[in-house]
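Asks: My questions will all concern the structure given below.
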Amino acid sequence: MLCHFSFKNFKSYKSETEFDLQAAAIPEYEDTLLKGSNSASDILPVSVIYGPNGGGKTNLLQALACLISNIVRPVAELEKNRESMIFQHSVTCQPFLLDETSKSEPTEFQIYFRRSGNEYRYYLSILSGEIVSECLYWKSVGGRRTGTVFEREGAEITLGASIKKSGINKLVNPKMPYLSFLAINYDLTVIADVMRWFESCIIQSYAVPEIDRRILIVDEENTKSRIIHALNDLDIDISDYRYNEEEHQLYIRRIVDGNPYELPFSVESDGTRKLLAALPIILFSLQEGRLLIIDELDAKLHPKLLRYIIRLFKNTEVNKKGAQLIFTSHDLTTMKNTVFRRDEIWFAALGSEHDSSIYSLYDIRDENDKHVNSTAAFDKQYLEGRYGADPYLQNMLGGDWK
């Protein structure tokens, strides 16, 4: 489970930026949280990022994808990955370019996550494609003592007690993360555990049109039945699907007046194609307890369908393995207290120096230092510009518009 992610000097983000998935001490929807053990904090199953075009929503997800892909790519390219199914794409590490100093400074990432009863903290600093510094620490979930796995400053590498063994090479290509190097060359329990988490992260961007045409075909009957059942729940009335190897074409079957009919996937509506592409990945992440990162999840989806997907992750009877969903959205019909907790809603906004920042709805306070009320009309107040990440409707319609 992802607990906390921070980064600095990446694309439109100049200053250090923190994205926290640890649940605040607020009462709403406590039964949906991923429960921490041993007095550890509870974790949010869902986080959504809103904001105007160009505000930094996509770049926030790309920062997370950049870190993950930098770790996983060299391992997967050499087929040394632990997870058999990896759904990711590479993101280039680019600094903030609208500042003469930032151009020549490294991009920094730090991430906290939990796996197998342990909490890991990983830090990576990159400049012009080379690793400036890197470190990995661990502790038991809820524990106080932190152990060092390794620390790296330039070419100098120090090994912690958990992997301090004779014969471990400390000479590594300056462009390769040492975490990836260890995963490729050694069978170390702590490294394998960390790598499995990074490899399990799923990254999808529906801002890229061809993603809608990439379908995960599942022939295993139980899983296939779950996909068809979920589609039927969403008023997509299909009875079966099959993939024709010779034609490289997916066919969707429906029963009309007792007769079976098949249509090629290509003639289905945009919304149906989007669901058929997204739903197998969503159910797969729930089944395995994976982190799912999706840019523009709401694109081409009816708000009812978007709510259905959100509720899958917030339903502990469905989400039994601690899967998480992080996505960007413009759909204000789901920005409601009947869908989200206040700490699950985030905003990305561009500052006066053209640099992005993020903050959660729970972080916002009024002139009396009070939080936004949990019963407030979030969507209405957002459109009124009360939350700062103003979708500029007022500017478009005139300053006197109410």
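In the structure tokens, chains take letters A, B, ... by order of appearance, with residues numbered from 1 within each chain and ligands from 1 in the order shown.
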According to DSSP computed on the backbone, where in range 179-273 of chain A is there strand (DSSP E or B)? Give the residues as a ChimeraX atom specification.

Replies: /A:202-205,240-244,249-256,259-264

Asks: Would you please give, as a PyMOL selection string, all residues of range 147-207 of chain A that DSSP assigns to alpha helix (DSSP H) based on the backbone?

Replies: chain A and resi 178-185+189-200

Asks: List as an mmCIF file with C-alpha atoms, in the first residue's frame the protein and nucleic acid residues near range 293-301 of chain A, meaning an atom at most 10 Å away when only C-alpha atoms are counted, but skip any in the same chain fewer than 4 places from it.

Replies:
data_model
loop_
_atom_site.group_PDB
_atom_site.id
_atom_site.type_symbol
_atom_site.label_atom_id
_atom_site.label_comp_id
_atom_site.auth_asym_id
_atom_site.auth_seq_id
_atom_site.Cartn_x
_atom_site.Cartn_y
_atom_site.Cartn_z
ATOM 1 C CA SER A 47 -7.482 9.553 -4.129
ATOM 2 C CA VAL A 48 -8.679 11.861 -6.912
ATOM 3 C CA ILE A 49 -6.950 14.961 -8.301
ATOM 4 C CA LYS A 57 -2.801 16.933 -12.440
ATOM 5 C CA THR A 58 -1.144 14.726 -15.047
ATOM 6 C CA ASN A 59 2.364 15.760 -13.997
ATOM 7 C CA LEU A 60 1.657 14.603 -10.442
ATOM 8 C CA LEU A 61 0.831 11.116 -11.711
ATOM 9 C CA GLN A 62 3.779 11.251 -14.120
ATOM 10 C CA LEU A 64 4.994 8.818 -9.526
ATOM 11 C CA ALA A 65 5.159 6.899 -12.823
ATOM 12 C CA GLN A 88 3.468 0.336 -16.971
ATOM 13 C CA CYS A 201 1.976 -0.847 -9.715
ATOM 14 C CA ILE A 202 -0.322 -0.350 -12.715
ATOM 15 C CA ILE A 203 -0.021 2.884 -14.732
ATOM 16 C CA GLN A 204 -2.641 3.796 -17.345
ATOM 17 C CA SER A 205 -3.285 7.057 -19.193
ATOM 18 C CA TYR A 206 -6.591 7.480 -21.011
ATOM 19 C CA ALA A 207 -5.329 10.811 -22.294
ATOM 20 C CA VAL A 208 -3.603 8.581 -24.891
ATOM 21 C CA SER A 269 -19.390 2.975 -28.598
ATOM 22 C CA ASP A 270 -16.501 4.951 -27.087
ATOM 23 C CA GLY A 271 -17.847 4.381 -23.578
ATOM 24 C CA THR A 272 -18.247 0.644 -24.062
ATOM 25 C CA ARG A 273 -14.732 0.336 -25.526
ATOM 26 C CA LYS A 274 -13.350 2.311 -22.575
ATOM 27 C CA LEU A 275 -15.081 0.009 -20.080
ATOM 28 C CA ALA A 278 -10.427 -0.567 -18.242
ATOM 29 C CA LEU A 305 -19.952 4.224 -14.188
ATOM 30 C CA LEU A 306 -17.217 6.303 -12.568
ATOM 31 C CA ARG A 307 -18.974 6.071 -9.208
ATOM 32 C CA ILE A 309 -15.507 1.998 -10.095
ATOM 33 C CA GLN A 324 -5.621 1.533 -4.204
ATOM 34 C CA LEU A 325 -6.872 3.800 -6.975
ATOM 35 C CA ILE A 326 -5.298 7.187 -7.780
ATOM 36 C CA PHE A 327 -6.791 9.092 -10.700
ATOM 37 C CA THR A 328 -7.292 12.517 -12.246
ATOM 38 C CA SER A 329 -10.738 13.792 -13.160
ATOM 39 C CA HIS A 330 -12.769 16.726 -14.472
ATOM 40 C CA ASP A 331 -16.073 15.094 -13.497
ATOM 41 C CA THR A 334 -18.559 12.795 -8.268
#

Asks: Skipping near chain neighbours, those fewer than 2 positions away, what residues fall within 6 Å of range 107-111 of chain A using only C-alpha atoms, listed as a list in words?

Replies: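 That gives His4, Phe5, Ser6, Phe7, Lys8, Asn9, Phe10, Arg121, Tyr122, Tyr123, Leu124, Ser125 and Ile126 of chain A.
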
Asks: Grab the residues selected above and save them as a tab-separated table (two decimals), in the first residue's frame with all heavy atoms.

Replies:
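Done, and the output landed in result.tsv:
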chain	number	residue	atom	x	y	z
A	4	HIS	N	2.78	7.45	1.28
A	4	HIS	CA	3.17	8.84	1.10
A	4	HIS	C	4.15	8.94	-0.06
A	4	HIS	O	5.03	8.08	-0.22
A	4	HIS	CB	3.83	9.34	2.40
A	4	HIS	CG	4.15	10.80	2.41
A	4	HIS	ND1	5.33	11.30	1.89
A	4	HIS	CD2	3.48	11.87	2.89
A	4	HIS	CE1	5.36	12.61	2.05
A	4	HIS	NE2	4.25	12.99	2.65
A	5	PHE	N	4.00	9.97	-0.88
A	5	PHE	CA	4.91	10.21	-2.00
A	5	PHE	C	5.25	11.69	-2.04
A	5	PHE	O	4.37	12.54	-1.90
A	5	PHE	CB	4.24	9.79	-3.31
A	5	PHE	CG	5.02	10.14	-4.55
A	5	PHE	CD1	6.29	9.64	-4.75
A	5	PHE	CD2	4.48	10.97	-5.54
A	5	PHE	CE1	7.02	9.95	-5.89
A	5	PHE	CE2	5.19	11.28	-6.68
A	5	PHE	CZ	6.47	10.77	-6.85
A	6	SER	N	6.53	12.00	-2.18
A	6	SER	CA	6.95	13.39	-2.31
A	6	SER	C	8.00	13.50	-3.42
A	6	SER	O	8.71	12.53	-3.71
A	6	SER	CB	7.51	13.94	-0.99
A	6	SER	OG	8.65	13.22	-0.58
A	7	PHE	N	8.06	14.66	-4.04
A	7	PHE	CA	9.01	14.87	-5.11
A	7	PHE	C	9.31	16.35	-5.25
A	7	PHE	O	8.60	17.21	-4.71
A	7	PHE	CB	8.49	14.29	-6.43
A	7	PHE	CG	7.21	14.92	-6.92
A	7	PHE	CD1	7.23	15.88	-7.92
A	7	PHE	CD2	5.98	14.55	-6.40
A	7	PHE	CE1	6.06	16.47	-8.38
A	7	PHE	CE2	4.80	15.12	-6.86
A	7	PHE	CZ	4.84	16.08	-7.85
A	8	LYS	N	10.36	16.65	-6.02
A	8	LYS	CA	10.81	18.04	-6.18
A	8	LYS	C	11.48	18.19	-7.54
A	8	LYS	O	12.19	17.30	-8.00
A	8	LYS	CB	11.81	18.37	-5.06
A	8	LYS	CG	12.37	19.79	-5.11
A	8	LYS	CD	13.35	20.00	-3.95
A	8	LYS	CE	13.93	21.40	-3.98
A	8	LYS	NZ	14.90	21.61	-2.87
A	9	ASN	N	11.20	19.33	-8.19
A	9	ASN	CA	11.85	19.68	-9.46
A	9	ASN	C	11.53	18.67	-10.56
A	9	ASN	O	12.42	18.12	-11.20
A	9	ASN	CB	13.38	19.79	-9.26
A	9	ASN	CG	14.05	20.50	-10.43
A	9	ASN	OD1	13.44	21.32	-11.12
A	9	ASN	ND2	15.32	20.20	-10.64
A	10	PHE	N	10.24	18.47	-10.78
A	10	PHE	CA	9.80	17.58	-11.85
A	10	PHE	C	8.75	18.29	-12.69
A	10	PHE	O	7.68	18.66	-12.19
A	10	PHE	CB	9.23	16.28	-11.28
A	10	PHE	CG	8.71	15.34	-12.34
A	10	PHE	CD1	9.58	14.50	-13.02
A	10	PHE	CD2	7.35	15.29	-12.66
A	10	PHE	CE1	9.11	13.63	-14.00
A	10	PHE	CE2	6.87	14.44	-13.64
A	10	PHE	CZ	7.76	13.60	-14.32
A	121	ARG	N	10.97	2.92	2.96
A	121	ARG	CA	11.17	4.30	2.50
A	121	ARG	C	12.31	4.29	1.48
A	121	ARG	O	13.42	3.83	1.79
A	121	ARG	CB	11.51	5.23	3.66
A	121	ARG	CG	11.80	6.66	3.20
A	121	ARG	CD	11.75	7.64	4.36
A	121	ARG	NE	12.81	7.44	5.32
A	121	ARG	CZ	14.00	8.05	5.26
A	121	ARG	NH1	14.27	8.89	4.26
A	121	ARG	NH2	14.92	7.83	6.17
A	122	TYR	N	12.01	4.78	0.30
A	122	TYR	CA	12.99	4.78	-0.78
A	122	TYR	C	13.16	6.20	-1.31
A	122	TYR	O	12.18	6.92	-1.52
A	122	TYR	CB	12.53	3.85	-1.91
A	122	TYR	CG	13.47	3.82	-3.10
A	122	TYR	CD1	14.71	3.20	-3.02
A	122	TYR	CD2	13.11	4.43	-4.31
A	122	TYR	CE1	15.56	3.18	-4.12
A	122	TYR	CE2	13.95	4.40	-5.40
A	122	TYR	CZ	15.19	3.78	-5.30
A	122	TYR	OH	16.03	3.78	-6.38
A	123	TYR	N	14.40	6.59	-1.52
A	123	TYR	CA	14.72	7.94	-2.00
A	123	TYR	C	15.60	7.82	-3.24
A	123	TYR	O	16.52	6.99	-3.30
A	123	TYR	CB	15.45	8.73	-0.93
A	123	TYR	CG	16.02	10.05	-1.40
A	123	TYR	CD1	15.23	11.19	-1.48
A	123	TYR	CD2	17.36	10.15	-1.78
A	123	TYR	CE1	15.75	12.40	-1.91
A	123	TYR	CE2	17.89	11.36	-2.22
A	123	TYR	CZ	17.08	12.48	-2.29
A	123	TYR	OH	17.60	13.68	-2.73
A	124	LEU	N	15.31	8.64	-4.26
A	124	LEU	CA	16.09	8.63	-5.49
A	124	LEU	C	16.24	10.06	-6.00
A	124	LEU	O	15.27	10.81	-6.09
A	124	LEU	CB	15.39	7.78	-6.55
A	124	LEU	CG	16.13	7.60	-7.89
A	124	LEU	CD1	17.41	6.79	-7.71
A	124	LEU	CD2	15.22	6.94	-8.93
A	125	SER	N	17.47	10.42	-6.35
A	125	SER	CA	17.78	11.74	-6.90
A	125	SER	C	18.49	11.55	-8.23
A	125	SER	O	19.49	10.82	-8.32
A	125	SER	CB	18.67	12.52	-5.92
A	125	SER	OG	19.05	13.76	-6.47
A	126	ILE	N	17.95	12.20	-9.29
A	126	ILE	CA	18.46	12.01	-10.65
A	126	ILE	C	18.79	13.36	-11.28
A	126	ILE	O	18.00	14.31	-11.18
A	126	ILE	CB	17.42	11.29	-11.54
A	126	ILE	CG1	17.01	9.96	-10.92
A	126	ILE	CG2	17.96	11.06	-12.94
A	126	ILE	CD1	15.89	9.26	-11.69

Asks: Provide the CA of Thr333 in chain A to CA of Glu18 in chain A distance in Å, to one decimal place.

Replies: 26.3 Å

Asks: Find the residue from A:Ser133, A:Gln249, A:Asn319, A:Thr158 that sits nearest to Pro177 in chain A; use only C-alpha atoms when measuring.

Replies: A:Ser133

Asks: May I have the residues within 12 Å of Ser84 in chain A as number ranges by chain, using only C-alpha atoms and disregarding those fewer than 4 positions away in the same chain?

Replies: A: 76, 79-80, 196, 199-200

Asks: Given the selection you just returned, output its residues as a file containing C-alpha atoms, formatted as a PDB file, in the first residue's frame.

Replies:
ATOM      1  CA  ALA A  76      12.003  -5.963 -16.903  1.00  0.00           C
ATOM      2  CA  GLU A  79      13.508 -10.333 -17.829  1.00  0.00           C
ATOM      3  CA  LYS A  80      14.519 -10.443 -14.175  1.00  0.00           C
ATOM      4  CA  ARG A 196       7.475  -6.878  -6.264  1.00  0.00           C
ATOM      5  CA  GLU A 199       6.432  -4.082 -10.418  1.00  0.00           C
ATOM      6  CA  SER A 200       2.854  -4.534  -9.225  1.00  0.00           C
TER       7      SER A 200
END

Asks: Please provide as a list in words all residues within 8 Å of range 365-377 of chain A, with the sequence filter that same-chain residues fewer than 6 positions apart are discarded (counting only C-alpha atoms).

Replies: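 Neighbouring residues, sequence-local ones excluded: Glu28, Lys336, Asn337, Arg341 and Arg342 of chain A.
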
Asks: Mind dumping the selected residues with C-alpha atoms as an mmCIF file, in the first residue's frame?

Replies:
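Writing done, so here's again.cif:
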data_model
loop_
_atom_site.group_PDB
_atom_site.id
_atom_site.type_symbol
_atom_site.label_atom_id
_atom_site.label_comp_id
_atom_site.auth_asym_id
_atom_site.auth_seq_id
_atom_site.Cartn_x
_atom_site.Cartn_y
_atom_site.Cartn_z
ATOM 1 C CA GLU A 28 -16.482 10.064 7.391
ATOM 2 C CA LYS A 336 -19.486 15.034 -3.434
ATOM 3 C CA ASN A 337 -19.504 14.095 0.223
ATOM 4 C CA ARG A 341 -13.873 11.784 2.220
ATOM 5 C CA ARG A 342 -12.363 15.258 2.376
#

Asks: By how many Å are CA of Leu361 in chain A and CA of Phe347 in chain A apart?

Replies: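 Separation of CA of Leu361 in chain A and CA of Phe347 in chain A: 7.4 Å.
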
Asks: What's around range 384-389 of chain A at 7 Å? Count only C-alpha atoms, leave out sequence neighbours fewer than 3 positions away in its own chain, and write the answer as JSON, numbers by chain.

Replies: {"A": [51, 52, 347, 348, 349, 380, 381]}

Asks: From the set A:Ile26, A:Leu98, A:Leu383, A:Ile71, which residue has the shortest atom-to-atom contact distance to Ser352 in chain A, counting only C-alpha atoms?

Replies: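 Among the listed residues, A:Leu98 lies closest to Ser352 in chain A.
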
Asks: Just to confirm, what's the straight-line distance from CA of Asp257 in chain A to CA of Tyr241 in chain A in Å (one decimal)?

Replies: 18.4 Å
